[in-house]
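**Student:** Below you will find the structure I want to go over with you.
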Amino acid sequence: MTSAVNDTSAVPDGTVARLTAHYGPSIRDWLAPAVRGIEQAATAWGVTLVGYHDAGWASIIAHGALDDGQRVVIKATPERDRYLRETACLRHWRGRHVPRLLAAEDTRQLLLMEMIGPNPGGSARPGDHEQRVARRLVELHRATASALPDVPQVRRKLQTQTLPGLRRSDTLRSRIGAQVVRGIISVGEQLAERVHEPTLLHGDLYAENIAFDAAGEPRFVDPRGLIGPIEFDWAFWCVFYVGEGFLRRVSVVDELRLADTDRVLRWSAVLAASRIRYQLDAGIDHGLPALAEVLSTPAVHNVIARP
């Protein structure tokens, strides 16, 4: 098969800008080899490439079709850990509420996957998208996984990254108050003592990582992959899915009894504070008011203040 993509000029400027912002200017040295790798893999896999999809911060996504007309995407990821985690997740879930993995090329870190919906980014988000996502996330969590070699445990991430980051951050204490930070650290330490659940989590439930198919049903894409309690995923979804609606999503979890609401609120406090800490250290102001609002809601404030 032949390719319509012949050099890095076909990669959208937005993709290049986001990759550069995420990884730094040196990522540009990866672009040309990645494009060549995509083209060579497309030939080997029988894919006629059409172009690139302008999305994402940590990959290049080309799209095209197989000989039988099936629409597909080829994803190139520069980060080895991210590639291995996503591959492990897609193989474990076997196309259930995620894109079906058709092939993988480990050396160049390429994935061939079915396209979700009629366009690379999926169909338009339906009006009741939050309820639809909630129903599907419950089903995704049913695929237990006590251990996968390339997927880290939530508990280890909490103990080795999240809590140490909160403890050493003077900027976070200045922004939200030392007493609040102490309360959140205490919540995180309590969570770390009880993290034993063997659930494979998506771990990155932003709205852009949930595509809707032609029937308006959500499919979870770009998993980061973690093993731990379902409340981690629910909290991530409540806090980060879109910039507003945190309490609305918490109420969906509570009313449908999808998870332990108290633990969702506790994880929400830890995740929101950790993101505020990261953004303050990185000098990123975008979204900080919404994250601070999560911590100031009475429900979250109560779990932080509780002994």
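Please note that chains go A, B, ... in the order of the structure tokens, that every chain numbers its residues from 1, and that ligands are numbered from 1 in the order shown.
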Tell me which protein, DNA and RNA residues are within 12 Å of region 278-281 of chain A, counting only C-alpha atoms, leaving out same-chain ones fewer than 6 positions away, and put them as a ChimeraX atom specification.
**Tutor:** /A:161-162,165-166,168-176,271-272,287-289,291-292
**Student:** Now that the selection is made, can you save its residues with N, CA and C atoms as a tab-separated table (two decimals), in the first residue's frame?
**Tutor:**
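Output contents, as saved in selection-v3.tsv:
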chain	number	residue	atom	x	y	z
A	161	GLN	N	5.42	9.16	44.70
A	161	GLN	CA	5.35	10.38	43.89
A	161	GLN	C	4.40	11.42	44.48
A	162	THR	N	3.13	11.02	44.64
A	162	THR	CA	2.11	12.00	45.01
A	162	THR	C	2.33	12.58	46.40
A	165	GLY	N	5.53	14.68	46.83
A	165	GLY	CA	5.36	15.96	46.16
A	165	GLY	C	4.55	16.94	46.99
A	166	LEU	N	3.50	16.45	47.64
A	166	LEU	CA	2.69	17.32	48.49
A	166	LEU	C	3.46	17.77	49.73
A	168	ARG	N	6.68	18.28	50.17
A	168	ARG	CA	7.81	19.20	50.00
A	168	ARG	C	7.43	20.52	49.33
A	169	SER	N	6.16	20.71	48.99
A	169	SER	CA	5.77	21.87	48.19
A	169	SER	C	5.42	23.08	49.05
A	170	ASP	N	6.33	24.04	49.15
A	170	ASP	CA	6.04	25.30	49.83
A	170	ASP	C	5.04	26.13	49.04
A	171	THR	N	5.10	26.04	47.71
A	171	THR	CA	4.18	26.83	46.89
A	171	THR	C	2.74	26.36	47.09
A	172	LEU	N	2.54	25.07	47.27
A	172	LEU	CA	1.19	24.58	47.51
A	172	LEU	C	0.66	25.08	48.85
A	173	ARG	N	1.50	25.04	49.89
A	173	ARG	CA	1.08	25.54	51.20
A	173	ARG	C	0.74	27.02	51.14
A	174	SER	N	1.51	27.77	50.35
A	174	SER	CA	1.23	29.20	50.22
A	174	SER	C	-0.08	29.44	49.49
A	175	ARG	N	-0.41	28.56	48.57
A	175	ARG	CA	-1.60	28.76	47.72
A	175	ARG	C	-2.89	28.34	48.44
A	176	ILE	N	-2.90	27.18	49.09
A	176	ILE	CA	-4.15	26.67	49.65
A	176	ILE	C	-4.14	26.58	51.17
A	271	LEU	N	-5.97	14.13	44.39
A	271	LEU	CA	-5.66	14.36	42.98
A	271	LEU	C	-5.69	15.85	42.64
A	272	ALA	N	-6.67	16.58	43.15
A	272	ALA	CA	-6.75	18.02	42.86
A	272	ALA	C	-5.54	18.75	43.46
A	287	GLY	N	-6.65	26.43	34.61
A	287	GLY	CA	-7.43	25.45	35.36
A	287	GLY	C	-7.27	25.50	36.86
A	288	LEU	N	-6.38	26.36	37.37
A	288	LEU	CA	-6.15	26.39	38.82
A	288	LEU	C	-7.39	26.80	39.62
A	289	PRO	N	-8.16	27.80	39.17
A	289	PRO	CA	-9.36	28.16	39.94
A	289	PRO	C	-10.35	27.00	40.07
A	291	LEU	N	-9.64	23.79	40.07
A	291	LEU	CA	-9.07	22.81	41.00
A	291	LEU	C	-9.19	23.30	42.45
A	292	ALA	N	-8.94	24.57	42.66
A	292	ALA	CA	-9.10	25.13	44.00
A	292	ALA	C	-10.55	25.04	44.45
**Student:** Tell me which protein, DNA and RNA residues are within 10 Å of region 53-63 of chain A, counting only C-alpha atoms, leaving out same-chain ones fewer than 3 positions away, and put them as a PyMOL selection string.
**Tutor:** chain A and resi 5+10-23+31+34-35+38-39+42+47-50+71-79+82-83+110-115+119-121+208-209+222
**Student:** Contacts of Thr144 (chain A) at 7 Å or less, counting only C-alpha atoms, minus same-chain residues fewer than 2 places along, as a PyMOL selection string?
**Tutor:** chain A and resi 141-142+146+198-200
**Student:** How about saving the chosen residues, C-alpha atoms kept, as a PDB file, in the first residue's frame?
**Tutor:**
ATOM      1  CA  HIS A 141     -13.730  -1.924  35.817  1.00  0.00           C
ATOM      2  CA  ARG A 142     -15.073  -5.459  35.799  1.00  0.00           C
ATOM      3  CA  SER A 146      -4.061  -8.300  40.204  1.00  0.00           C
ATOM      4  CA  PRO A 198      -6.904  -5.511  41.892  1.00  0.00           C
ATOM      5  CA  THR A 199      -8.760  -3.428  39.300  1.00  0.00           C
ATOM      6  CA  LEU A 200      -7.183  -2.309  36.040  1.00  0.00           C
TER       7      LEU A 200
END
**Student:** Give the helix (DSSP H, G or I) residues of region 141-269 of chain A, as assigned by DSSP on the backbone, as JSON, numbers by chain.
**Tutor:** {"A": [154, 155, 156, 157, 158, 159, 160, 161, 162, 163, 164, 165, 166, 167, 168, 170, 171, 172, 173, 174, 175, 176, 178, 179, 180, 181, 182, 183, 184, 185, 186, 187, 188, 189, 190, 191, 192, 193, 207, 208, 209, 230, 231, 232, 233, 234, 235, 236, 237, 238, 239, 240, 246, 247, 248, 249, 250, 251, 252, 253, 254, 255, 261, 262, 263, 264, 265, 266, 267, 268, 269]}
**Student:** Can you measure CA of Asp150 (chain A) to CA of Phe236 (chain A) for me? One decimal in Å is fine.
**Tutor:** 21.0 Å
**Student:** Compare A:Ile184, A:Ala147, A:Ala103, A:Leu90 by their minimum atom-to-atom distance to His196 (chain A), counting only C-alpha atoms, and give me the closest one.
**Tutor:**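 For His196 (chain A), the nearest of the given residues is A:Ala147.
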